[in-house]
Amino acid sequence: MKTFRVSIHIVPRKGLLDPQGKAVADALHTLGFDAVRDVHVGRHLVIETSAADAHAAEQSVREMCARLLANPVTEDFEIAGVSAA
């Protein structure tokens, strides 16, 4: 077994109310960043896990996200990267 570091991004689903994202977007517009169209505030997690290979590490973390880390009703997640730790 090797140790892998898996990066995950969890964000609110598109179309759902994101009050934090709206507040950040409004603040950016106030500061003159008029090109900003939308902001989604989410979480970035980095998990170190043991697995036989990178594919197994990713599959394990996907299951973690589906079962605990991300709410499937209100959030989407993506695996941003898997690397040997």
# chains A, B, ... in the order shown; residues from 1 in each chain; ligands from 1
>>> select_by_dssp(residues="chain A", states="strand (DSSP E or B)", output="PDB file with C-alpha atoms, in the first residue's frame")
ATOM      1  CA  LYS A   2       1.141   3.508  -0.854  1.00  0.00           C
ATOM      2  CA  THR A   3       0.008   6.834   0.529  1.00  0.00           C
ATOM      3  CA  PHE A   4      -1.817   9.199  -1.817  1.00  0.00           C
ATOM      4  CA  ARG A   5      -2.917  12.804  -1.402  1.00  0.00           C
ATOM      5  CA  VAL A   6      -6.315  13.500  -2.958  1.00  0.00           C
ATOM      6  CA  SER A   7      -7.627  17.061  -3.460  1.00  0.00           C
ATOM      7  CA  ILE A   8     -11.380  17.633  -3.569  1.00  0.00           C
ATOM      8  CA  HIS A   9     -13.466  20.707  -4.368  1.00  0.00           C
ATOM      9  CA  ILE A  10     -17.008  20.812  -2.955  1.00  0.00           C
ATOM     10  CA  VAL A  11     -19.311  23.614  -4.110  1.00  0.00           C
ATOM     11  CA  PRO A  12     -23.028  24.397  -3.944  1.00  0.00           C
ATOM     12  CA  ARG A  43     -14.700  23.832   0.533  1.00  0.00           C
ATOM     13  CA  HIS A  44     -11.343  22.447  -0.505  1.00  0.00           C
ATOM     14  CA  LEU A  45     -10.273  19.246   1.208  1.00  0.00           C
ATOM     15  CA  VAL A  46      -6.999  17.342   0.988  1.00  0.00           C
ATOM     16  CA  ILE A  47      -7.159  13.754   2.170  1.00  0.00           C
ATOM     17  CA  GLU A  48      -4.158  11.494   2.633  1.00  0.00           C
ATOM     18  CA  THR A  49      -5.141   7.864   2.263  1.00  0.00           C
ATOM     19  CA  SER A  50      -3.505   4.491   1.730  1.00  0.00           C
ATOM     20  CA  ALA A  51      -4.351   2.523  -1.404  1.00  0.00           C
ATOM     21  CA  GLU A  75     -23.504  20.141  -3.349  1.00  0.00           C
ATOM     22  CA  ASP A  76     -21.343  18.900  -6.195  1.00  0.00           C
ATOM     23  CA  PHE A  77     -17.804  17.643  -5.797  1.00  0.00           C
ATOM     24  CA  GLU A  78     -14.879  17.054  -8.085  1.00  0.00           C
ATOM     25  CA  ILE A  79     -11.597  15.298  -7.548  1.00  0.00           C
ATOM     26  CA  ALA A  80      -9.025  17.968  -8.357  1.00  0.00           C
ATOM     27  CA  GLY A  81      -5.992  15.714  -8.213  1.00  0.00           C
ATOM     28  CA  VAL A  82      -4.413  12.519  -6.925  1.00  0.00           C
ATOM     29  CA  SER A  83      -0.715  12.348  -6.198  1.00  0.00           C
ATOM     30  CA  ALA A  84       1.697  10.156  -4.277  1.00  0.00           C
TER      31      ALA A  84
END
>>> residues_around(residues="segment 14-18 of chain A", least_positions_apart="4", cutoff="8 Å", atoms="only C-alpha atoms", output="list in words")
Lys22, His40, Val41 and Thr74 of chain A
>>> closest_residue(among="A:Leu31, A:Gln20, A:Ala85, A:Val73", to="Ala54 of chain A", atoms="only C-alpha atoms")
A:Ala85
>>> closest_residue(among="A:Gln59, A:Ala52, A:Ala66, A:Arg13", to="Val39 of chain A", atoms="only C-alpha atoms")
A:Arg13
>>> atom_distance(atom1="atom CA of Pro72 of chain A", atom2="atom CA of Ala57 of chain A")
20.6 Å
>>> residues_around(residues="Val36 of chain A", least_positions_apart="4", cutoff="9 Å", atoms="only C-alpha atoms", output="PDB file with C-alpha atoms, in the first residue's frame")
ATOM      1  CA  ALA A  25     -19.656  38.731  -5.842  1.00  0.00           C
ATOM      2  CA  LEU A  28     -16.028  42.354  -5.841  1.00  0.00           C
ATOM      3  CA  HIS A  29     -18.431  44.488  -7.887  1.00  0.00           C
TER       4      HIS A  29
END
>>> atom_distance(atom1="atom CA of Leu69 of chain A", atom2="atom CA of His55 of chain A")
19.1 Å
>>> atom_distance(atom1="atom CA of Met1 of chain A", atom2="atom CA of Leu68 of chain A")
23.8 Å
